>>> print(open('start10.cif').read())   # mmCIF, C-alpha atoms and all ligand atoms
data_final
#
loop_
_atom_site.label_atom_id
_atom_site.label_comp_id
_atom_site.auth_asym_id
_atom_site.auth_seq_id
_atom_site.Cartn_x
_atom_site.Cartn_y
_atom_site.Cartn_z
CA MET V 23 -24.67 5.85 -60.22
CA ARG V 24 -23.02 7.96 -57.53
CA LYS V 25 -26.02 7.50 -55.31
CA ARG V 26 -25.74 3.70 -55.64
CA LYS V 27 -22.02 3.74 -54.73
CA PHE V 28 -22.88 5.78 -51.71
CA GLU V 29 -25.57 3.27 -50.71
CA ILE V 30 -23.14 0.34 -50.99
CA LEU V 31 -20.51 2.17 -48.95
CA PHE V 32 -23.08 3.09 -46.36
CA SER V 33 -24.32 -0.51 -45.95
CA LEU V 34 -20.74 -1.72 -45.70
CA LEU V 35 -19.92 0.74 -42.94
CA PHE V 36 -23.18 -0.02 -41.15
CA GLY V 37 -22.41 -3.74 -41.33
CA LEU V 38 -18.94 -3.20 -39.91
CA ALA V 39 -20.24 -1.06 -37.06
CA LEU V 40 -22.84 -3.71 -36.26
CA LEU V 41 -20.20 -6.44 -36.22
CA ALA V 42 -17.96 -4.38 -33.94
CA ALA V 43 -20.83 -3.76 -31.53
CA LEU V 44 -21.75 -7.45 -31.49
CA TRP V 45 -18.14 -8.47 -30.85
CA GLN V 46 -17.83 -5.97 -28.02
CA THR V 47 -21.01 -7.25 -26.33
CA ALA V 48 -19.85 -10.83 -26.72
CA SER V 49 -16.49 -10.15 -25.11
CA ARG V 50 -18.13 -8.16 -22.34
CA ASN V 51 -20.41 -11.05 -21.54
CA ARG V 52 -17.64 -13.63 -21.54
CA THR V 53 -17.14 -14.88 -17.97
CA PRO V 54 -13.83 -13.81 -16.50
CA VAL V 55 -11.30 -16.44 -15.49
CA THR V 56 -9.71 -16.79 -12.07
CA GLU V 57 -6.11 -17.90 -11.80
CA ASN V 58 -4.12 -18.57 -8.62
CA SER V 59 -0.36 -18.81 -8.58
CA GLY V 60 -0.04 -21.06 -5.54
CA PHE V 61 2.57 -20.19 -2.90
CA HIS V 62 6.14 -19.35 -3.91
CA PRO V 63 9.10 -18.17 -1.81
CA VAL V 64 9.44 -14.38 -1.93
CA MET V 65 11.23 -12.00 0.49
CA GLY V 66 11.99 -14.71 3.04
CA THR V 67 8.38 -15.89 3.19
CA LEU V 68 5.68 -17.27 0.87
CA ALA V 69 3.68 -15.24 -1.61
CA GLN V 70 0.61 -15.94 -3.71
CA VAL V 71 -1.23 -13.99 -6.38
CA THR V 72 -4.85 -14.42 -7.42
CA VAL V 73 -6.07 -12.75 -10.59
CA VAL V 74 -9.53 -12.33 -12.11
CA ALA V 75 -9.02 -11.47 -15.78
CA PRO V 76 -10.91 -11.36 -19.08
CA ASP V 77 -9.00 -14.43 -20.29
CA GLN V 78 -6.32 -16.97 -19.38
CA ARG V 79 -3.58 -15.24 -21.32
CA ILE V 80 -4.05 -11.92 -19.49
CA ALA V 81 -4.31 -13.72 -16.15
CA GLN V 82 -0.98 -15.45 -16.71
CA ILE V 83 0.75 -12.25 -17.81
CA CYS V 84 -0.56 -10.55 -14.64
CA ILE V 85 0.76 -13.28 -12.35
CA LYS V 86 4.17 -13.28 -14.04
CA THR V 87 4.43 -9.49 -13.80
CA ALA V 88 3.39 -9.49 -10.14
CA PHE V 89 6.18 -11.93 -9.20
CA GLU V 90 8.72 -9.98 -11.27
CA THR V 91 7.71 -6.82 -9.41
CA MET V 92 8.15 -8.51 -6.02
CA ALA V 93 11.55 -9.91 -7.03
CA GLN V 94 12.70 -6.46 -8.09
CA ILE V 95 11.73 -4.88 -4.76
CA ASN V 96 13.40 -7.74 -2.90
CA GLN V 97 16.60 -7.18 -4.86
CA SER V 98 16.68 -3.56 -3.78
CA MET V 99 15.39 -3.78 -0.18
CA ASN V 100 16.56 -7.10 1.29
CA ASP V 101 18.92 -6.36 4.19
CA ARG V 102 20.14 -9.99 4.28
CA ASP V 103 21.50 -9.73 0.75
CA PRO V 104 24.88 -7.93 0.87
CA LYS V 105 24.42 -6.97 -2.80
CA SER V 106 21.06 -5.21 -2.29
CA GLU V 107 20.78 -1.46 -2.67
CA LEU V 108 19.76 -1.25 0.98
CA SER V 109 22.85 -3.12 2.23
CA GLU V 110 25.08 -0.96 0.08
CA LEU V 111 23.39 2.13 1.54
CA SER V 112 24.00 0.97 5.12
CA ARG V 113 27.66 0.38 4.24
CA THR V 114 28.34 3.64 2.45
CA ALA V 115 26.06 6.41 3.76
CA PHE V 116 27.80 7.18 7.06
CA GLY V 117 28.85 10.82 6.98
CA LYS V 118 28.11 11.34 3.30
CA GLU V 119 25.08 11.75 1.09
CA ALA V 120 24.36 8.58 -0.87
CA PRO V 121 21.97 8.56 -3.85
CA VAL V 122 19.22 5.91 -3.94
CA SER V 123 16.59 4.69 -6.41
CA PRO V 124 13.13 6.35 -6.40
CA ASP V 125 11.48 3.21 -4.96
CA LEU V 126 13.92 2.92 -2.07
CA PHE V 127 13.73 6.65 -1.38
CA ALA V 128 9.91 6.47 -1.28
CA VAL V 129 10.02 3.65 1.29
CA LEU V 130 12.64 5.45 3.41
CA CYS V 131 10.48 8.61 3.45
CA ALA V 132 7.35 6.64 4.35
CA SER V 133 9.27 4.78 7.08
CA GLN V 134 10.32 8.02 8.68
CA GLU V 135 6.72 9.25 8.63
CA TYR V 136 5.56 6.06 10.40
CA SER V 137 8.36 6.57 12.93
CA ARG V 138 7.07 10.05 13.73
CA LEU V 139 3.45 8.88 13.79
CA SER V 140 4.26 6.04 16.21
CA GLY V 141 6.60 8.03 18.46
CA GLY V 142 9.56 5.92 17.33
CA ALA V 143 7.93 2.50 17.84
CA PHE V 144 8.37 1.83 14.12
CA ASP V 145 12.00 2.44 13.21
CA ILE V 146 13.92 0.99 10.27
CA THR V 147 17.27 1.93 11.86
CA VAL V 148 16.60 -0.98 14.26
CA GLY V 149 19.16 -3.08 12.25
CA PRO V 150 21.94 -3.33 14.91
CA GLU V 151 19.39 -4.59 17.47
CA VAL V 152 17.92 -7.02 14.92
CA ALA V 153 21.47 -8.35 14.36
CA LEU V 154 21.68 -9.22 18.10
CA TRP V 155 18.24 -10.83 17.98
CA ARG V 156 19.34 -12.96 15.00
CA GLN V 157 22.39 -14.08 16.95
CA MET V 158 20.11 -15.18 19.79
CA GLU V 159 17.89 -16.96 17.23
CA LYS V 160 20.94 -19.01 16.21
CA THR V 161 22.63 -19.56 19.57
CA GLY V 162 19.78 -19.32 22.08
CA ILE V 163 21.95 -16.94 24.11
CA ARG V 164 20.55 -13.53 25.02
CA PRO V 165 22.59 -10.43 24.15
CA THR V 166 24.53 -8.88 27.03
CA PRO V 167 23.57 -5.44 28.43
CA GLU V 168 26.79 -4.05 26.89
CA GLN V 169 25.92 -5.41 23.46
CA LEU V 170 22.44 -3.93 23.73
CA GLU V 171 23.79 -0.57 24.82
CA ASP V 172 26.23 -0.50 21.93
CA ALA V 173 23.43 -1.38 19.46
CA ARG V 174 21.03 1.20 20.93
CA ALA V 175 23.54 3.98 20.25
CA LYS V 176 23.27 3.20 16.53
CA VAL V 177 19.46 3.20 16.44
CA GLY V 178 17.18 6.19 15.94
CA TYR V 179 15.16 7.31 12.94
CA GLU V 180 16.30 10.91 13.33
CA LYS V 181 19.84 9.71 12.60
CA MET V 182 18.77 8.82 9.06
CA ILE V 183 18.86 12.12 7.20
CA LEU V 184 16.82 12.29 4.01
CA ASN V 185 17.43 15.04 1.50
CA LEU V 186 14.20 15.43 -0.49
CA GLN V 187 15.76 17.69 -3.08
CA SER V 188 18.72 15.53 -4.04
CA GLN V 189 16.98 12.23 -3.09
CA THR V 190 20.01 11.23 -1.06
CA VAL V 191 20.43 9.59 2.33
CA GLN V 192 23.00 10.18 5.04
CA LEU V 193 23.51 8.12 8.19
CA ALA V 194 24.68 10.15 11.16
CA LYS V 195 26.32 7.37 13.19
CA GLU V 196 28.92 4.82 12.21
CA GLY V 197 27.67 1.22 12.19
CA MET V 198 24.03 2.11 11.53
CA LYS V 199 22.06 -0.59 9.71
CA LEU V 200 18.72 -0.17 7.97
CA ASP V 201 16.13 -2.96 8.06
CA LEU V 202 12.98 -2.75 5.91
CA GLY V 203 11.59 -6.09 7.14
CA GLY V 204 8.60 -4.30 8.67
CA ILE V 205 7.50 -2.37 5.58
CA ALA V 206 9.03 -3.58 2.28
CA LYS V 207 6.62 -6.50 1.82
CA GLY V 208 3.66 -4.14 2.02
CA TYR V 209 5.29 -1.83 -0.50
CA ALA V 210 5.94 -4.76 -2.85
CA VAL V 211 2.29 -5.86 -2.52
CA ASP V 212 1.12 -2.36 -3.50
CA LEU V 213 3.39 -2.31 -6.55
CA ALA V 214 2.36 -5.82 -7.60
CA ILE V 215 -1.33 -4.86 -7.37
CA GLU V 216 -0.64 -1.78 -9.51
CA ALA V 217 1.20 -3.97 -12.03
CA ILE V 218 -1.63 -6.49 -12.45
CA ARG V 219 -4.16 -3.69 -12.74
CA GLN V 220 -2.10 -2.19 -15.56
CA LYS V 221 -1.82 -5.53 -17.33
CA GLY V 222 -5.59 -5.78 -17.61
CA ALA V 223 -6.80 -7.69 -14.54
CA LEU V 224 -10.43 -7.05 -13.51
CA GLY V 225 -9.57 -7.91 -9.93
CA GLY V 226 -6.75 -9.40 -7.92
CA MET V 227 -5.20 -10.22 -4.61
CA VAL V 228 -1.52 -10.24 -3.67
CA ASP V 229 -0.31 -11.84 -0.44
CA ILE V 230 3.30 -11.77 0.76
CA GLY V 231 3.48 -13.55 4.11
CA GLY V 232 0.22 -12.14 5.42
CA ASN V 233 0.63 -8.70 3.89
CA ILE V 234 -2.40 -8.66 1.61
CA ARG V 235 -4.10 -6.22 -0.72
CA CYS V 236 -7.00 -6.84 -3.06
CA PHE V 237 -8.75 -4.79 -5.69
CA GLY V 238 -11.69 -5.00 -8.06
CA ARG V 239 -13.71 -8.06 -8.86
CA PRO V 240 -13.38 -11.11 -6.55
CA PRO V 241 -13.60 -14.63 -8.03
CA ALA V 242 -17.23 -15.51 -8.87
CA PRO V 243 -19.66 -16.03 -7.21
CA ALA V 244 -18.22 -14.10 -4.21
CA LYS V 245 -19.11 -10.44 -3.74
CA ASP V 246 -16.05 -9.68 -1.61
CA TRP V 247 -12.51 -10.87 -1.26
CA ILE V 248 -12.39 -13.09 1.81
CA ILE V 249 -9.33 -13.47 4.03
CA GLY V 250 -8.93 -15.82 6.97
CA LEU V 251 -7.37 -14.43 10.15
CA GLN V 252 -5.30 -17.16 11.74
CA ASN V 253 -5.63 -18.13 15.37
CA PRO V 254 -2.11 -17.34 16.69
CA ARG V 255 -2.11 -20.35 18.99
CA ALA V 256 -3.56 -22.96 16.57
CA GLU V 257 -3.64 -23.74 12.85
CA THR V 258 -7.27 -22.64 12.60
CA VAL V 259 -9.08 -19.65 11.14
CA LEU V 260 -10.20 -17.32 13.93
CA LYS V 261 -12.24 -14.88 11.84
CA ARG V 262 -13.14 -14.39 8.23
CA ILE V 263 -12.61 -10.89 6.96
CA LYS V 264 -14.12 -9.31 3.86
CA LEU V 265 -12.15 -6.77 1.90
CA ASN V 266 -12.83 -4.65 -1.17
CA ASP V 267 -10.05 -2.47 -2.57
CA PHE V 268 -8.34 -2.62 0.80
CA SER V 269 -5.34 -4.08 2.59
CA ILE V 270 -4.64 -6.16 5.66
CA ALA V 271 -1.43 -7.13 7.46
CA THR V 272 -0.76 -9.28 10.50
CA SER V 273 2.34 -9.10 12.68
CA GLY V 274 2.83 -11.67 15.35
CA ASP V 275 5.22 -13.75 17.34
CA TYR V 276 3.73 -17.09 16.33
CA ARG V 277 5.72 -17.62 13.14
CA ARG V 278 9.08 -16.06 13.90
CA TYR V 279 10.60 -16.00 17.33
CA ALA V 280 13.90 -16.79 19.02
CA GLU V 281 14.04 -19.03 22.06
CA SER V 282 16.31 -18.65 25.06
CA GLU V 283 16.02 -20.64 28.28
CA GLY V 284 12.55 -21.81 27.31
CA LYS V 285 11.27 -18.29 26.73
CA LYS V 286 10.08 -16.97 23.36
CA TYR V 287 11.32 -13.66 21.99
CA SER V 288 9.45 -11.93 19.16
CA HIS V 289 11.36 -10.69 16.09
CA ILE V 290 9.66 -7.32 16.56
CA LEU V 291 11.81 -5.15 18.78
CA ASN V 292 11.27 -2.03 20.82
CA PRO V 293 13.88 0.28 19.22
CA ALA V 294 14.26 2.26 22.46
CA THR V 295 15.47 -0.78 24.41
CA GLY V 296 16.33 -3.52 21.92
CA ASP V 297 13.95 -5.90 23.76
CA SER V 298 11.34 -8.03 22.03
CA ALA V 299 7.79 -6.70 21.96
CA ASN V 300 5.78 -9.15 24.03
CA GLU V 301 2.43 -7.68 25.07
CA LEU V 302 0.58 -8.54 21.83
CA ILE V 303 0.77 -11.92 20.16
CA SER V 304 -1.14 -10.92 17.05
CA VAL V 305 -1.70 -7.49 15.49
CA THR V 306 -3.85 -7.15 12.39
CA ILE V 307 -4.26 -3.80 10.68
CA LEU V 308 -6.74 -2.93 7.95
CA ALA V 309 -5.74 0.06 5.84
CA PRO V 310 -6.04 1.41 2.28
CA THR V 311 -2.51 0.44 1.26
CA ALA V 312 -0.51 -2.67 2.09
CA MET V 313 2.50 -0.55 3.03
CA GLU V 314 0.47 1.33 5.63
CA ALA V 315 -1.01 -1.89 7.04
CA ASP V 316 2.47 -3.48 7.16
CA ALA V 317 4.21 -0.58 8.93
CA LEU V 318 1.33 0.01 11.36
CA SER V 319 1.08 -3.64 12.35
CA THR V 320 4.76 -3.62 13.30
CA ALA V 321 4.37 -0.26 15.09
CA VAL V 322 1.33 -1.37 17.11
CA SER V 323 3.11 -4.61 18.11
CA VAL V 324 5.71 -2.40 19.82
CA MET V 325 3.27 0.16 21.21
CA GLY V 326 1.09 -2.40 22.96
CA LYS V 327 -2.66 -2.50 23.41
CA GLN V 328 -3.41 0.90 24.90
CA ARG V 329 -1.13 3.16 22.87
CA GLY V 330 -1.62 1.04 19.75
CA LEU V 331 -5.41 1.30 19.85
CA ALA V 332 -5.16 5.05 20.46
CA LEU V 333 -2.93 5.43 17.38
CA ILE V 334 -5.21 3.42 15.09
CA ASP V 335 -8.33 5.15 16.42
CA SER V 336 -6.74 8.49 15.56
CA LEU V 337 -6.39 7.45 11.91
CA ASP V 338 -9.41 7.84 9.64
CA GLU V 339 -9.09 4.81 7.44
CA ALA V 340 -7.31 2.23 9.60
CA GLU V 341 -8.73 -0.43 11.91
CA ALA V 342 -7.05 -2.91 14.24
CA LEU V 343 -7.69 -6.42 15.58
CA LEU V 344 -5.43 -7.35 18.48
CA ILE V 345 -4.76 -10.39 20.63
CA THR V 346 -2.83 -10.01 23.88
CA ALA V 347 -0.53 -12.62 25.43
CA ASP V 348 -2.60 -12.43 28.65
CA ARG V 349 -5.93 -13.31 27.03
CA PRO V 350 -5.24 -15.23 23.81
CA ASP V 351 -8.96 -16.04 23.35
CA GLU V 352 -10.13 -12.46 23.21
CA LEU V 353 -10.11 -10.36 20.03
CA ILE V 354 -9.78 -6.66 20.75
CA GLN V 355 -11.08 -4.34 18.01
CA THR V 356 -11.16 -0.69 17.05
CA SER V 357 -14.59 0.89 16.60
CA ARG V 358 -15.29 0.16 12.92
CA ALA V 359 -13.36 -3.12 12.58
CA ALA V 360 -16.66 -5.06 12.89
CA ASP V 361 -17.64 -3.77 9.40
CA PHE V 362 -14.97 -6.08 7.97
CA LEU V 363 -15.83 -9.21 9.92
CA ILE V 364 -18.04 -11.94 8.47
CA ASP V 365 -18.46 -14.19 11.50
P1 LIG V 401 6.58 -7.43 10.50
O1 LIG V 401 6.57 -8.91 10.36
O2 LIG V 401 6.04 -6.68 9.34
O3 LIG V 401 5.99 -6.94 11.78
O4 LIG V 401 8.12 -6.99 10.51
C1 LIG V 401 9.04 -7.50 11.42
C2 LIG V 401 10.42 -7.25 10.92
O5 LIG V 401 10.68 -5.84 10.89
C3 LIG V 401 11.48 -7.85 11.80
O6 LIG V 401 11.80 -9.17 11.40
C4 LIG V 401 12.64 -6.88 11.62
O7 LIG V 401 13.33 -7.18 10.42
C5 LIG V 401 11.94 -5.55 11.46
N1 LIG V 401 11.67 -4.85 12.71
C6 LIG V 401 11.75 -5.34 14.00
N2 LIG V 401 11.37 -4.41 14.90
C7 LIG V 401 11.05 -3.30 14.18
C8 LIG V 401 10.59 -2.00 14.54
N3 LIG V 401 10.38 -1.64 15.81
N4 LIG V 401 10.37 -1.10 13.54
C9 LIG V 401 10.57 -1.44 12.25
N5 LIG V 401 11.00 -2.64 11.86
C10 LIG V 401 11.23 -3.57 12.79
MG MG V 402 5.09 -4.88 9.22
#
>>> encode(input="start10.cif", output="structure tokens")
Amino acid sequence: MRKRKFEILFSLLFGLALLAALWQTASRNRTPVTENSGFHPVMGTLAQVTVVAPDQRIAQICIKTAFETMAQINQSMNDRDPKSELSELSRTAFGKEAPVSPDLFAVLCASQEYSRLSGGAFDITVGPEVALWRQMEKTGIRPTPEQLEDARAKVGYEKMILNLQSQTVQLAKEGMKLDLGGIAKGYAVDLAIEAIRQKGALGGMVDIGGNIRCFGRPPAPAKDWIIGLQNPRAETVLKRIKLNDFSIATSGDYRRYAESEGKKYSHILNPATGDSANELISVTILAPTAMEADALSTAVSVMGKQRGLALIDSLDEAEALLITADRPDELIQTSRAADFLID
């Protein structure tokens, strides 16, 4: 009798195990779905999210979470919003240590590292000079030498003092203004990618205004994620670039510039002078994280062709594709950039 009970129990368990195995195989073989959000306004530009997920429900959760993540970073790091954490910091941190959130502190620390790496070409304390540029964008009138001199005195990454222990920030000069426009989008892309990975995506791509990162499985039948590099002087694709678990960012003067007396002035400024960077019209950086690609593309725009290429060549995992104002038809590349190009 006992033996029979045991036999029944055994067949039941065996049956259950078999069912579980069958179900698992079936779900593994189900083709993943690809979902694209379309473009939506985020951080003063347009963002899109593409997700490859086991099913529609997961894909939609991923997209929703990615946009929530971006909105959260924007709320903290947007210098144009007087209520943002960043604006509050600029207002209150002169001469005293102000506490900031872990995300903001992480970006401030990274910014200072990119400042050191680029010899000051990348500098988030550029805010007072950016304010003058924005005035010129509105009025078409160039800032006076006195205005520029006054702004320059309030710029300099070494004047932003970060206390790693207390996670506080102090600004050494009155009137300093922090601007994360050259790095926060990349940081938000990295966080959004992390968020969709955690929500169960098999692959994904996040793009905020040309700051792009992708991971995992691309939409079938492609083997890689493909990104089009825009021709800065026409609405055409100049090159197609393949990426796998990598990031790309493009800085350029072709989307945002101010105009004065018929001349174009890039929104990327040389912090040392307050002048617009004008040697390169398009700077694309490939790097492991979107934050790195974002910061380096801004830095190289300021550094120019020679110093910029030297910087990127000195970094193990970064590549650059540059176009100069002099020769807009020529694409200048670092040594291993060709590995990423399709045509
Ligand atoms: P991006 O489009 O990433 O190159 O960033 C450009 C934005 O970064 C500008 O619109 C400014 O808000 C800010 N910015 C301008 N010049 C610099 C600079 N030299 N270093 C860091 N940020 C900058
Ligand atoms: Mg940038």
>>> residues_near_ligand(input="start10.cif", ligand="ligand MG 402 (chain V)", cutoff="6 Å", atoms="all atoms listed in the file", output="list in words")
Gly204, Ile205, Asp316, Ala317, Ser319 and Thr320 of chain V
>>> closest_atom_pairs(input="start10.cif", of="chain V", to="ligand LIG 401 (chain V)", cutoff="7 Å", atoms="only C-alpha atoms and all ligand atoms", output="Markdown table")
| residue | atom | partner | partner_atom | distance |
| --- | --- | --- | --- | --- |
| V:Ala143 | CA | V:LIG401 | N3 | 5.2 |
| V:Phe144 | CA | V:LIG401 | N4 | 3.6 |
| V:Asp145 | CA | V:LIG401 | N4 | 3.9 |
| V:Ile146 | CA | V:LIG401 | C9 | 4.6 |
| V:Val148 | CA | V:LIG401 | C7 | 6.0 |
| V:Val152 | CA | V:LIG401 | C4 | 6.2 |
| V:Asp201 | CA | V:LIG401 | O7 | 5.6 |
| V:Leu202 | CA | V:LIG401 | N5 | 6.3 |
| V:Gly203 | CA | V:LIG401 | O5 | 3.9 |
| V:Gly204 | CA | V:LIG401 | O4 | 3.3 |
| V:Ile205 | CA | V:LIG401 | O2 | 5.9 |
| V:Ser273 | CA | V:LIG401 | O3 | 4.3 |
| V:Gly274 | CA | V:LIG401 | O3 | 6.7 |
| V:His289 | CA | V:LIG401 | O6 | 4.9 |
| V:Ile290 | CA | V:LIG401 | N2 | 3.8 |
| V:Leu291 | CA | V:LIG401 | N2 | 4.0 |
| V:Asn292 | CA | V:LIG401 | N3 | 5.1 |
| V:Pro293 | CA | V:LIG401 | N3 | 5.3 |
| V:Asp316 | CA | V:LIG401 | O2 | 5.3 |
| V:Ala317 | CA | V:LIG401 | O2 | 6.4 |
| V:Ser319 | CA | V:LIG401 | O3 | 5.9 |
| V:Thr320 | CA | V:LIG401 | O3 | 3.9 |
| V:Ala321 | CA | V:LIG401 | N3 | 6.2 |
| V:Val324 | CA | V:LIG401 | N3 | 6.2 |
>>> closest_residue(input="start10.cif", among="V:Gly232, V:Pro121, V:Pro167, V:Gly226", to="V:Thr67", atoms="all atoms listed in the file")
V:Gly232
>>> closest_residue(input="start10.cif", among="V:Ile30, V:Val73, V:Ala256, V:Ala173", to="V:Arg219", atoms="all atoms listed in the file")
V:Val73
>>> closest_residue(input="start10.cif", among="V:Asp348, V:Asp212, V:Asp77, V:Glu119", to="V:Ile234", atoms="all atoms listed in the file")
V:Asp212
>>> closest_residue(input="start10.cif", among="V:Arg349, V:Arg329, V:Arg235, V:Lys261", to="V:Glu314", atoms="all atoms listed in the file")
V:Arg235
>>> closest_residue(input="start10.cif", among="V:Gly66, V:Pro124, V:Gly60, V:Pro350", to="V:Leu260", atoms="all atoms listed in the file")
V:Pro350
>>> closest_residue(input="start10.cif", among="V:Val74, V:Val177, V:Ala347, V:Leu318", to="V:Cys236", atoms="only C-alpha atoms")
V:Val74
>>> residues_around(input="start10.cif", residues="V:Glu196", least_positions_apart="6", cutoff="10 Å", atoms="all atoms listed in the file", output="list in words")
Ser112, Arg113, Thr114, Ala115, Phe116, Gly117, Ala175 and Lys176 of chain V
>>> residues_around(input="start10.cif", residues="stretch 51-56 of chain V", least_positions_apart="5", cutoff="10 Å", atoms="all atoms listed in the file", output="PyMOL selection string")
chain V and resi 45-46+72-82+223-226+239-242
>>> atom_distance(input="start10.cif", atom1="atom CA of V:Asp365", atom2="atom CA of V:Ala309")
19.9 Å
>>> atom_distance(input="start10.cif", atom1="atom CA of V:Gly284", atom2="atom CA of V:Leu344")
24.7 Å
>>> atom_distance(input="start10.cif", atom1="atom CA of V:Asp338", atom2="atom CA of V:Ala359")
12.0 Å
>>> residues_near_point(input="start10.cif", point="(-4.3, -4.7, 4.0)", cutoff="12 Å", atoms="all atoms listed in the file", output="PyMOL selection string")
chain V and resi 207-209+211-212+215+227-237+247-249+251+263-273+306-319+339-342+362
>>> residues_around(input="start10.cif", residues="V:Asp297", least_positions_apart="6", cutoff="9 Å", atoms="all atoms listed in the file", output="ChimeraX atom specification")
/V:151,155,170,287-288,290-291
>>> write_last_selection(input="start10.cif", atoms="C-alpha atoms", output="PDB file, in the frame of the given file")
ATOM      1  CA  GLU V 151      19.390  -4.590  17.470  1.00  0.00           C
ATOM      2  CA  TRP V 155      18.240 -10.830  17.980  1.00  0.00           C
ATOM      3  CA  LEU V 170      22.440  -3.930  23.730  1.00  0.00           C
ATOM      4  CA  TYR V 287      11.320 -13.660  21.990  1.00  0.00           C
ATOM      5  CA  SER V 288       9.450 -11.930  19.160  1.00  0.00           C
ATOM      6  CA  ILE V 290       9.660  -7.320  16.560  1.00  0.00           C
ATOM      7  CA  LEU V 291      11.810  -5.150  18.780  1.00  0.00           C
TER       8      LEU V 291
END
>>> residues_around(input="start10.cif", residues="V:Arg174", least_positions_apart="6", cutoff="10 Å", atoms="all atoms listed in the file", output="list in words")
Thr147, Val148, Gly149, Pro150, Glu151, Glu168, Met198, Pro293, Ala294, Thr295 and Gly296 of chain V
>>> residues_around(input="start10.cif", residues="V:Leu213", least_positions_apart="3", cutoff="9 Å", atoms="only C-alpha atoms", output="VMD selection string")
chain V and resid 88 91 to 92 95 208 to 210 216 to 218
>>> build_atoms(input="start10.cif", residues="stretch 230-235 of chain V", atoms="all heavy atoms", output="CSV table (one decimal), in the coordinates of the input")
chain,number,residue,atom,x,y,z
V,230,ILE,N,1.9,-11.4,0.4
V,230,ILE,CA,3.3,-11.8,0.8
V,230,ILE,C,3.3,-12.0,2.3
V,230,ILE,O,3.3,-11.0,3.0
V,230,ILE,CB,4.3,-10.7,0.3
V,230,ILE,CG1,4.2,-10.3,-1.1
V,230,ILE,CG2,5.8,-11.3,0.6
V,230,ILE,CD1,5.2,-9.2,-1.6
V,231,GLY,N,3.4,-13.2,2.7
V,231,GLY,CA,3.5,-13.6,4.1
V,231,GLY,C,2.5,-12.8,5.0
V,231,GLY,O,2.9,-12.3,6.1
V,232,GLY,N,1.2,-12.8,4.6
V,232,GLY,CA,0.2,-12.1,5.4
V,232,GLY,C,0.1,-10.6,5.2
V,232,GLY,O,-0.7,-10.0,5.9
V,233,ASN,N,0.8,-10.1,4.3
V,233,ASN,CA,0.6,-8.7,3.9
V,233,ASN,C,-0.2,-8.8,2.6
V,233,ASN,O,0.3,-9.2,1.6
V,233,ASN,CB,2.0,-8.0,3.6
V,233,ASN,CG,2.7,-7.9,4.9
V,233,ASN,OD1,2.5,-7.0,5.7
V,233,ASN,ND2,3.7,-8.8,5.1
V,234,ILE,N,-1.5,-8.4,2.7
V,234,ILE,CA,-2.4,-8.7,1.6
V,234,ILE,C,-3.1,-7.4,1.1
V,234,ILE,O,-3.5,-6.5,1.9
V,234,ILE,CB,-3.5,-9.7,2.1
V,234,ILE,CG1,-2.8,-11.0,2.6
V,234,ILE,CG2,-4.5,-9.9,1.0
V,234,ILE,CD1,-3.7,-11.9,3.2
V,235,ARG,N,-3.3,-7.3,-0.2
V,235,ARG,CA,-4.1,-6.2,-0.7
V,235,ARG,C,-5.0,-6.8,-1.8
V,235,ARG,O,-4.5,-7.7,-2.6
V,235,ARG,CB,-3.3,-5.1,-1.3
V,235,ARG,CG,-4.1,-4.0,-1.9
V,235,ARG,CD,-3.2,-2.7,-2.1
V,235,ARG,NE,-4.0,-1.7,-2.8
V,235,ARG,CZ,-3.5,-0.4,-2.9
V,235,ARG,NH1,-2.3,-0.1,-2.5
V,235,ARG,NH2,-4.3,0.5,-3.6
